[in-house]
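So the structure is just underneath, and the comments pick up after that.
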Amino acid sequence: MSEDVSNVVLAKPLKFPDGSVQSVAASSSAAIPKAWVRFNGFTAAIQGSFNITSVVRVGTGQYVVNFTTPFANTNYGWVLSAASPTNFAAIAQGGTTTVSAGSLSFNLYDTNTNLIDATYVNIAFFGTQ
């Protein structure tokens with residue numbers, strides 16, 4: 001199965017120090033993250049981000065990430081990793097996860113399904129804005 005790439009616009013090719021050249025998809029491509037954030041799960045303090053206005057810690061292991069520029073709809077995807085020196089966490093796709101064009105609410109659970117905070121939470125978002 002081939003992917004339709006007729007709407008992909010290529011940016012100026014990148015030239016690397018070793019002389020190699022590579023083209024990258026422009027930011028209009030769904031393959032490029034439209035937002036990302038790294039934050040401390042205990043405090044919700046943002047350590048780095050793009051297109052994120054805020055992260056709110058609702059309670060232990062419960063967060064809302066708000067986008068600067070909302071997505072076109074709720075059909076965007078995300079990739080998340082979360083870890084602490086003593087715990088590894090995974091996102092749970094439960095009834096308390098809420099997807100809207102302007103934000104994502106999610107919970108972090110340990111392997112025993114207890115809500116937990118993580119020292120490092122990293123999340124990237126893909127889709128159409």
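Chains: A, B, ... in order of the structure tokens. Residues: from 1 per chain. Ligands: from 1, in order shown.
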
For segment 34-84 of chain A against segment 115-127 of chain A, with a cut-off of 8 Å and counting only C-alpha atoms, what is the closest atom pair and its distance in Å to one decimal for every residue that makes the cut, ordered by chain and number, as JSON lines?
```
{"residue": "A:Lys34", "atom": "CA", "partner": "A:Phe126", "partner_atom": "CA", "distance": 5.6}
{"residue": "A:Ala35", "atom": "CA", "partner": "A:Phe125", "partner_atom": "CA", "distance": 5.2}
{"residue": "A:Trp36", "atom": "CA", "partner": "A:Ala124", "partner_atom": "CA", "distance": 4.2}
{"residue": "A:Val37", "atom": "CA", "partner": "A:Ile123", "partner_atom": "CA", "distance": 5.6}
{"residue": "A:Arg38", "atom": "CA", "partner": "A:Asn122", "partner_atom": "CA", "distance": 4.4}
{"residue": "A:Phe39", "atom": "CA", "partner": "A:Val121", "partner_atom": "CA", "distance": 5.4}
{"residue": "A:Asn40", "atom": "CA", "partner": "A:Thr119", "partner_atom": "CA", "distance": 5.2}
{"residue": "A:Gly41", "atom": "CA", "partner": "A:Ala118", "partner_atom": "CA", "distance": 4.8}
{"residue": "A:Phe42", "atom": "CA", "partner": "A:Asp117", "partner_atom": "CA", "distance": 5.5}
{"residue": "A:Thr60", "atom": "CA", "partner": "A:Ile116", "partner_atom": "CA", "distance": 5.7}
{"residue": "A:Gly61", "atom": "CA", "partner": "A:Ile116", "partner_atom": "CA", "distance": 4.5}
{"residue": "A:Gln62", "atom": "CA", "partner": "A:Leu115", "partner_atom": "CA", "distance": 7.6}
{"residue": "A:Phe71", "atom": "CA", "partner": "A:Gly127", "partner_atom": "CA", "distance": 7.0}
{"residue": "A:Asn75", "atom": "CA", "partner": "A:Gly127", "partner_atom": "CA", "distance": 7.1}
{"residue": "A:Tyr76", "atom": "CA", "partner": "A:Gly127", "partner_atom": "CA", "distance": 4.4}
{"residue": "A:Gly77", "atom": "CA", "partner": "A:Phe126", "partner_atom": "CA", "distance": 5.2}
{"residue": "A:Trp78", "atom": "CA", "partner": "A:Phe125", "partner_atom": "CA", "distance": 4.4}
{"residue": "A:Val79", "atom": "CA", "partner": "A:Ala124", "partner_atom": "CA", "distance": 5.4}
{"residue": "A:Leu80", "atom": "CA", "partner": "A:Ile123", "partner_atom": "CA", "distance": 4.3}
{"residue": "A:Ser81", "atom": "CA", "partner": "A:Asn122", "partner_atom": "CA", "distance": 5.3}
{"residue": "A:Ala82", "atom": "CA", "partner": "A:Val121", "partner_atom": "CA", "distance": 4.3}
{"residue": "A:Ala83", "atom": "CA", "partner": "A:Ala118", "partner_atom": "CA", "distance": 5.3}
{"residue": "A:Ser84", "atom": "CA", "partner": "A:Thr119", "partner_atom": "CA", "distance": 4.7}
```

For segment 38-89 of chain A versus segment 100-114 of chain A, which residues have an atom no more than 6 Å away, and what is each residue's nearest atom pair and distance in Å rounded to one decimal, using only C-alpha atoms, chain-then-number order, as a Markdown table?
```
| residue | atom | partner | partner_atom | distance |
| --- | --- | --- | --- | --- |
| A:Gly61 | CA | A:Leu108 | CA | 4.8 |
| A:Gln62 | CA | A:Asn107 | CA | 4.5 |
| A:Tyr63 | CA | A:Phe106 | CA | 5.6 |
| A:Val64 | CA | A:Ser105 | CA | 4.2 |
| A:Val65 | CA | A:Leu104 | CA | 5.3 |
| A:Asn66 | CA | A:Ser103 | CA | 4.4 |
| A:Phe67 | CA | A:Gly102 | CA | 5.5 |
| A:Pro70 | CA | A:Gly102 | CA | 4.4 |
| A:Phe71 | CA | A:Ala101 | CA | 4.8 |
| A:Asn73 | CA | A:Ala101 | CA | 5.2 |
| A:Thr74 | CA | A:Ala101 | CA | 5.2 |
| A:Ala89 | CA | A:Asp110 | CA | 5.2 |
```

- Straight-line distance linking atom CA of Ser49 of chain A with atom CA of Gln129 of chain A, stated in Å to one decimal: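 It comes out at 17.0 Å.
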